[in-house]
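These notes concern the structure reproduced below.
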Amino acid sequence: MPKSKHIIVSNRLPISVVKQDGKLLFVPSSGGLATAMASLDHGTTDRLWIGWPGIASDDLTQADRAAITTELHSHGCQPVFLTQAQVEGFYEGYANDTIWPLFHYFQSLANYDNAYWETYQEVNALFCEAVVRQADPKASIWIHDYHLLLLPKLLRAALPHSTIGFFLHIPFPSYEIFRMLPNRKIILEGLLGADLVGFHVYDYARHFLSSVLRICGLENKHGSVMAGERTVKVDAFPIGIDYQKFVGALDDKNVQSELKAMETHYAGQRIILSMDRLDYSKGILKRLEAFEEFLRRNPALHKKVVMVVIAVPSRTEVDTYKDLRDAIEKAIGHINGVYGTVEWTPISYQFKNLAFEQVVALYVRADVALITPLRDGMNLVAKEYVACKQRSPGVLILSEMAGAIDELPEALSINPNDIASIVTAVETALAMPEDEQFARLRSMQARLSRYTVQRWAADFMEQLDKTKEYQRQQDSKILTATTEKGLIRRFKEAKQRLLLLDYDGTLREFVASYNPQLAVPGEALLTLLERLARSPNTKLCIVSGRPREILELWFGHLPIVLAAEHGAWVKYDGVWSQQPASMQNYKKILLPILEHYAERTPGARVEHKEVALVWHYRNVPTELAAERNASLRYELNQLLGNTDIGIYAGAKIIEIKPRMVHKGAVADDLLALHPADFILAIGDDYTDEDMFAVMPEDAVTIKVGRGDTSARFQVLSVNDARAFLQKLI
């Protein structure tokens with residue numbers, strides 16, 4: 001079988017396998033994901049879907065496995081075979097007994113059994129092996145859902161040049177909930193192996209980014225996270241439905257037949273539809289409690305209204321779900337017993353899967369759809385109901401905890417924990433004029449008809465391609481081995497050389513605390529600088545933001561030029577001189593403000609320089625730092641306005657200094673004093689951009705780290721920068 005260029009990976013395949021009387025049966029799925037993925041084919045034959053076929057391998061002979069593999073291959077699928085123990089630990093265990101309840105805010109139900117976690121890791125590794133066997137080395141891979149949170153990183157290690165997308169089909173919880181997960185960091189690192197991580201709504205993306213920030217220490221800029229050497233894009237893609245499938249079914253003869261039977265059965269009664277998979281996240285018990293209160297408050301509507309409750313079987317072997325089913329059926333029995341009569345049963349209940357035609361007919365007939373999940377990633381039932389109301393009126397009541405509420409603002413929004421609000425919404429819905437019902441429906445239908453499940457899938461893949469293209473553009477400046485050799489040759493052939501080097505973040509990694517002693521240059525770095533400085537016809541300059549006392553202490557014994565405080569002080573030929581710039585008058589006003597902010601911001605401190613003040617926040621929790629920085633910058637801008645004092649944001653600092661003091665000015669002076677045919681400038685932050693800006697066209701400018709820059713080249717780390725300098729000598 002040839003290697004595939006386009007691979008979809010999910011826990012389950014779109015075709016399930018069952019074994020009856022010793023025979024294998026293949027049952028296709030009609031789910032939304034299968035429809036979405038089918039829409040991406042565009043006539044190609046190199047797409048492969050990898051997943052579990054739904055049957056434990058313990059029950060299969062070698063011949064069975066071969067037959068399943070052959071049959072699934074004919075449908076563009078590749079099975080991952082799992083034992084019953086793996087299914088129990090991975091699917092029923094960690095995925096649905098740990099991740100599912102926690103991500104839906106039912107933290108009291110989450111089971112943190114370490115055996116579950118071990119099996120989850122084991123199965124994710126099996127999926128990785130299956131993908132690697134089938135994937136082209138540069139394949140485009142789309143991974144789906146919470147069962148495979150570790151897979152992106154595993155695949156990134158095995159297929160580093162592949163394009164990897166991940167989509168989560170359930171909510172991503174807030175940091176305060178997610179942090180309860182013992183394996184939280186490993187899971188985040190797993191997801192960051194992807195190039196694009198998608199969620200249904202922006203709230204989930206925001207929660208994810210917050211957790212990445214607080215747990216992994218990685219900030220984001222406009223939804224992009226720098227994870228190692230790669231940019232990972234995080235965005236929201238609200239999944240749609242196969243809109244035309246539902247609209248087209250309205251004239252189907254089987255649908256019409258079902259609808260006719262319902263009209264007869266429920267003659268003279270208005271239907272409130274409750275249709276969900278049986279799950280504690282759906283809020284079914286609260287819904288029943290609200291309906292009982294509705295009946296108590298509205299005796300005039302008895303015998304005129306019926307609630308049709310469809311509970312689709314789910315995880316029927318799990319004790320929590322067995323208990324939930326018992327509780328639901330007990331509540332329904334109680335309501336029917338109290339309010340029912342010989343002629344009227346208030347609740348019509350079915351615990352089963354309905355045929356598509358029956359579902360559509362119910363949507364058409366239902367006067368109200370009551371959808372009240374306590375937490376839901378999206379909720380497609382709400383969208384399907386709206387799509388089917390092309391000719392008949394109807395009102396959608398939707399929980400504000402469902403992802404779909406953002407796209408369906410015309411629905412009656414309720415808090416699923418507020419029984420009174422649900423009752424009021426039902427009363428409002430039943431009393432709503434038909435013209436208002438149709439007006440609300442038309443607005444929602446227009447929206448849903450545009451962003452269908454097919455458009456959702458295409459949109460995700462388009463953004464995945466754009467993310468990969470952005471990564472390629474970022475890589476275009478990376479200093480390659482070939483370019484490096486050319487630069488080394490130029491250095492050796494040059495008659496005069498001028499080297500301008502930043503220190504922190506360029507020659508030395510940033511330290512966790514603002515303690516100068518922790519950033520002291522080691523012997524290896526000092527030896528490197530001395531050898532560079534003593535190279536023939538070479539003038540070496542360290543241009544740093546650090547105070548002159550520190551630079552003198554560290555480098556004063558070397559035959560080099562030192563520029564301190566971004567050029568406010570410069571040491572030529574062993575003598576320090578100060579630039580004609582001062583902010584003494586401003587310090588008296590600014591210092592109390594900065595110190596006040598530092599006092600109430602744990603981890604922050606104020607650094608006093610001769611011609612600058614610096615607010616350091618490297619040790620401040622990032623979200624607190626962002627809040628404090630915004631307030632501080634506002635106050636500083638109000639005070640300084642259009643003065644000659646500037647406010648500059650650097651690497652975990654805000655610096656206030658005279659506008660005329662910057663590395664570009666000192667670089668200009670050095671260029672004039674030391675004409676050279678090989679000029680090298682290396683730096684890592686915004687202050688070094690001033691230096692790059694004044695360099696001649698043929699100068700070699702290098703930024704350390706990712707990000708936008710005017711430098712001609714980039715290296716990824718301090719080690720890379722030092723390795724390059726080492727090669728020059």
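Within each chain, counting starts at residue 1; across the structure tokens, chains are named A, B, ... in the order shown, with ligands numbered 1 upward in that order.
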Where in segment 39-183 of chain A does DSSP assign strand (DSSP E or B), given as JSON, numbers by chain? {"A": [47, 48, 49, 50, 51, 52, 77, 78, 79, 135, 136, 137, 138, 139, 140, 141, 142, 143, 144, 163, 164, 165, 166, 167]}
Surrounding residues of Val87 of chain A excluding itself and chain neighbours under 4 positions, 9 Å, only C-alpha atoms, as a PyMOL selection string: chain A and resi 56+82-83+91-93+119+123
Which of these, A:Lys588, A:Lys609, A:His161, A:Arg497, has the shortest distance to Asp195 of chain A once you count only C-alpha atoms?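 Residue with the minimum atom-to-atom distance to Asp195 of chain A: A:His161.
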Neighbours of segment 351-354 of chain A within 10 Å (only C-alpha atoms; same-chain residues fewer than 4 positions away dropped), as a ChimeraX atom specification? /A:277-278,309-314,325,329,358-360
Preceding selection exported with C-alpha atoms as a PDB file, in the first residue's frame:
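Result file is out_24.pdb:
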```
ATOM      1  CA  ARG A 277     -27.107  11.256  24.080  1.00  0.00           C
ATOM      2  CA  LEU A 278     -27.579   9.902  27.594  1.00  0.00           C
ATOM      3  CA  VAL A 309     -37.662  12.668  25.597  1.00  0.00           C
ATOM      4  CA  ILE A 310     -35.237  10.762  23.381  1.00  0.00           C
ATOM      5  CA  ALA A 311     -32.191   9.457  25.251  1.00  0.00           C
ATOM      6  CA  VAL A 312     -29.639   7.890  22.923  1.00  0.00           C
ATOM      7  CA  PRO A 313     -27.770   5.006  24.641  1.00  0.00           C
ATOM      8  CA  SER A 314     -24.182   5.861  25.596  1.00  0.00           C
ATOM      9  CA  ARG A 325     -30.426   6.201  33.260  1.00  0.00           C
ATOM     10  CA  GLU A 329     -36.449   6.923  34.226  1.00  0.00           C
ATOM     11  CA  GLN A 358     -37.671   9.671  12.514  1.00  0.00           C
ATOM     12  CA  VAL A 359     -35.264  12.338  13.803  1.00  0.00           C
ATOM     13  CA  VAL A 360     -36.110  14.727  10.957  1.00  0.00           C
TER      14      VAL A 360
END
```
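With only C-alpha atoms as the atoms that count, the minimum distance from Arg546 of chain A to the choices A:Gln496, A:His334, A:Ser577, A:Leu613 is reached by A:Leu613.
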Extract the full set of alpha helix (DSSP H) residues from segment 570-720 of chain A according to DSSP on the backbone, and format it as a ChimeraX atom specification. /A:584-599,622-640,663-673,686-693,718-720
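Here atom CA of Ile272 of chain A is placed at a distance of 19.8 Å from atom CA of Leu250 of chain A.
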Just the residues within 12 Å of segment 66-75 of chain A, please, counting only C-alpha atoms, with nothing from its chain fewer than 5 positions along; format it as a PyMOL selection string. chain A and resi 1-2+13-19+23-28+38+45-55+57+60-61+80-81+134
So what do you get for atom CA of Ile328 of chain A versus atom CA of Ile284 of chain A, distance-wise?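 For atom CA of Ile328 of chain A relative to atom CA of Ile284 of chain A, the distance reads 7.4 Å.
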Counting only C-alpha atoms, which of A:Lys495, A:Lys383, A:Arg531, A:His557 gets nearest to Ala446 of chain A? A:Lys383
Please identify every residue of segment 333-400 of chain A that has at least one atom no farther than 12 Å from an atom of segment 260-270 of chain A, counting only C-alpha atoms, and for each give the shortest atom pair and the distance in Å to one decimal, arranged by chain then increasing number, as CSV.
```
residue,atom,partner,partner_atom,distance
A:Glu343,CA,A:Tyr266,CA,11.5
A:Trp344,CA,A:Gln269,CA,9.8
A:Thr345,CA,A:Tyr266,CA,10.7
A:Pro346,CA,A:Gln269,CA,10.2
A:Ile347,CA,A:Tyr266,CA,11.8
A:Ser348,CA,A:Tyr266,CA,10.4
A:Gln358,CA,A:Met262,CA,9.6
A:Val359,CA,A:Met262,CA,11.6
A:Val360,CA,A:Met262,CA,11.7
A:Ala361,CA,A:Met262,CA,8.0
A:Leu362,CA,A:Met262,CA,7.9
A:Tyr363,CA,A:Met262,CA,11.1
A:Val364,CA,A:Met262,CA,10.2
A:Arg365,CA,A:Met262,CA,7.5
A:Ala366,CA,A:Arg270,CA,7.2
A:Asp367,CA,A:Arg270,CA,6.0
A:Val368,CA,A:Arg270,CA,8.2
A:Ala369,CA,A:Arg270,CA,11.2
A:Pro393,CA,A:Arg270,CA,11.7
A:Gly394,CA,A:Arg270,CA,10.5
A:Val395,CA,A:Arg270,CA,11.8
```
Selection above as a file: all heavy atoms, as a compact mmCIF listing (two decimals), in the first residue's frame:
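part-v4.txt, written as the output of this step:
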```txt
# COMPACT_ATOMS: atom_id res chain seq x y z
N GLU A 343 -56.05 9.64 29.50
CA GLU A 343 -55.98 10.11 28.12
C GLU A 343 -54.65 10.79 27.78
O GLU A 343 -54.36 11.04 26.60
CB GLU A 343 -57.10 11.13 27.84
CG GLU A 343 -58.51 10.69 28.20
CD GLU A 343 -58.86 11.02 29.63
OE1 GLU A 343 -58.30 11.99 30.19
OE2 GLU A 343 -59.68 10.28 30.21
N TRP A 344 -53.85 11.12 28.80
CA TRP A 344 -52.67 11.97 28.52
C TRP A 344 -51.47 11.56 29.38
O TRP A 344 -51.58 11.42 30.60
CB TRP A 344 -53.04 13.42 28.81
CG TRP A 344 -51.90 14.41 28.70
CD1 TRP A 344 -51.18 14.70 27.60
CD2 TRP A 344 -51.37 15.23 29.75
NE1 TRP A 344 -50.23 15.65 27.87
CE2 TRP A 344 -50.33 16.01 29.20
CE3 TRP A 344 -51.68 15.41 31.11
CZ2 TRP A 344 -49.59 16.94 29.95
CZ3 TRP A 344 -50.96 16.33 31.86
CH2 TRP A 344 -49.94 17.07 31.28
N THR A 345 -50.35 11.36 28.69
CA THR A 345 -49.08 11.09 29.37
C THR A 345 -48.17 12.28 29.12
O THR A 345 -47.81 12.56 27.96
CB THR A 345 -48.42 9.81 28.82
OG1 THR A 345 -49.33 8.72 28.97
CG2 THR A 345 -47.12 9.51 29.56
N PRO A 346 -47.80 13.03 30.16
CA PRO A 346 -47.02 14.26 29.96
C PRO A 346 -45.68 14.05 29.26
O PRO A 346 -45.25 14.88 28.47
CB PRO A 346 -46.82 14.79 31.37
CG PRO A 346 -47.88 14.15 32.19
CD PRO A 346 -48.15 12.83 31.58
N ILE A 347 -45.01 12.91 29.54
CA ILE A 347 -43.69 12.66 28.94
C ILE A 347 -43.72 11.36 28.16
O ILE A 347 -44.08 10.31 28.69
CB ILE A 347 -42.59 12.59 30.02
CG1 ILE A 347 -42.49 13.91 30.78
CG2 ILE A 347 -41.24 12.26 29.38
CD1 ILE A 347 -41.47 13.91 31.91
N SER A 348 -43.34 11.46 26.90
CA SER A 348 -43.17 10.27 26.05
C SER A 348 -41.67 9.99 25.99
O SER A 348 -40.90 10.82 25.51
CB SER A 348 -43.72 10.54 24.65
OG SER A 348 -43.39 9.49 23.77
N GLN A 358 -36.90 9.39 11.30
CA GLN A 358 -37.67 9.67 12.51
C GLN A 358 -37.18 10.96 13.19
O GLN A 358 -37.98 11.75 13.69
CB GLN A 358 -37.56 8.50 13.49
CG GLN A 358 -38.25 7.22 13.01
CD GLN A 358 -37.97 6.07 13.96
OE1 GLN A 358 -36.82 5.71 14.19
NE2 GLN A 358 -39.04 5.50 14.52
N VAL A 359 -35.85 11.14 13.20
CA VAL A 359 -35.26 12.34 13.80
C VAL A 359 -35.75 13.59 13.07
O VAL A 359 -36.21 14.57 13.69
CB VAL A 359 -33.72 12.26 13.79
CG1 VAL A 359 -33.12 13.60 14.21
CG2 VAL A 359 -33.24 11.15 14.72
N VAL A 360 -35.70 13.56 11.74
CA VAL A 360 -36.11 14.73 10.96
C VAL A 360 -37.59 15.01 11.18
O VAL A 360 -38.00 16.18 11.36
CB VAL A 360 -35.81 14.51 9.46
CG1 VAL A 360 -36.40 15.64 8.62
CG2 VAL A 360 -34.30 14.42 9.23
N ALA A 361 -38.39 13.98 11.20
CA ALA A 361 -39.83 14.17 11.42
C ALA A 361 -40.11 14.78 12.79
O ALA A 361 -40.97 15.66 12.94
CB ALA A 361 -40.56 12.83 11.28
N LEU A 362 -39.38 14.35 13.80
CA LEU A 362 -39.54 14.93 15.14
C LEU A 362 -39.16 16.40 15.15
O LEU A 362 -39.84 17.23 15.77
CB LEU A 362 -38.66 14.17 16.14
CG LEU A 362 -39.35 13.14 17.03
CD1 LEU A 362 -38.34 12.42 17.91
CD2 LEU A 362 -40.43 13.79 17.89
N TYR A 363 -38.06 16.74 14.47
CA TYR A 363 -37.65 18.15 14.39
C TYR A 363 -38.75 18.99 13.74
O TYR A 363 -39.06 20.09 14.20
CB TYR A 363 -36.36 18.28 13.56
CG TYR A 363 -35.09 17.80 14.23
CD1 TYR A 363 -34.03 17.29 13.46
CD2 TYR A 363 -34.92 17.89 15.60
CE1 TYR A 363 -32.85 16.88 14.05
CE2 TYR A 363 -33.74 17.46 16.20
CZ TYR A 363 -32.71 16.96 15.42
OH TYR A 363 -31.53 16.55 16.01
N VAL A 364 -39.31 18.47 12.67
CA VAL A 364 -40.35 19.22 11.95
C VAL A 364 -41.59 19.40 12.82
O VAL A 364 -42.18 20.49 12.88
CB VAL A 364 -40.73 18.50 10.64
CG1 VAL A 364 -41.92 19.19 9.98
CG2 VAL A 364 -39.54 18.47 9.68
N ARG A 365 -41.97 18.34 13.53
CA ARG A 365 -43.21 18.37 14.32
C ARG A 365 -43.07 19.14 15.63
O ARG A 365 -44.04 19.72 16.13
CB ARG A 365 -43.66 16.93 14.60
CG ARG A 365 -44.90 16.80 15.46
CD ARG A 365 -46.13 17.42 14.81
NE ARG A 365 -47.31 17.30 15.65
CZ ARG A 365 -47.63 18.10 16.66
NH1 ARG A 365 -46.82 19.11 16.99
NH2 ARG A 365 -48.74 17.91 17.35
N ALA A 366 -41.87 19.17 16.21
CA ALA A 366 -41.69 19.76 17.53
C ALA A 366 -41.92 21.27 17.51
O ALA A 366 -41.35 21.99 16.68
CB ALA A 366 -40.30 19.45 18.06
N ASP A 367 -42.72 21.75 18.43
CA ASP A 367 -42.98 23.19 18.56
C ASP A 367 -41.83 23.89 19.28
O ASP A 367 -41.57 25.07 19.04
CB ASP A 367 -44.28 23.41 19.33
CG ASP A 367 -45.47 22.80 18.62
OD1 ASP A 367 -46.06 23.48 17.77
OD2 ASP A 367 -45.78 21.62 18.91
N VAL A 368 -41.20 23.16 20.18
CA VAL A 368 -40.09 23.71 20.96
C VAL A 368 -39.00 22.65 21.06
O VAL A 368 -39.30 21.47 21.30
CB VAL A 368 -40.54 24.11 22.39
CG1 VAL A 368 -39.36 24.63 23.20
CG2 VAL A 368 -41.66 25.14 22.34
N ALA A 369 -37.75 23.07 20.87
CA ALA A 369 -36.62 22.18 21.15
C ALA A 369 -35.97 22.69 22.43
O ALA A 369 -35.51 23.83 22.50
CB ALA A 369 -35.61 22.21 20.01
N PRO A 393 -43.15 26.51 12.01
CA PRO A 393 -42.60 27.36 13.05
C PRO A 393 -41.98 26.51 14.16
O PRO A 393 -42.19 25.30 14.23
CB PRO A 393 -43.81 28.15 13.55
CG PRO A 393 -44.96 27.25 13.29
CD PRO A 393 -44.63 26.51 12.02
N GLY A 394 -41.25 27.15 15.03
CA GLY A 394 -40.63 26.44 16.15
C GLY A 394 -39.71 27.39 16.91
O GLY A 394 -39.26 28.40 16.38
N VAL A 395 -39.47 27.06 18.17
CA VAL A 395 -38.61 27.89 19.01
C VAL A 395 -37.51 27.01 19.60
O VAL A 395 -37.78 25.92 20.13
CB VAL A 395 -39.42 28.55 20.15
CG1 VAL A 395 -38.50 29.40 21.02
CG2 VAL A 395 -40.55 29.38 19.58
```
Can you pull out the residues contacting Leu33 of chain A? Cut-off 12 Å, using only C-alpha atoms, and skip same-chain residues under 4 positions away; I want them as number ranges by chain. A: 8-15, 29, 37-40, 49, 142-145, 167, 169, 239-242, 380, 452-454, 456-457
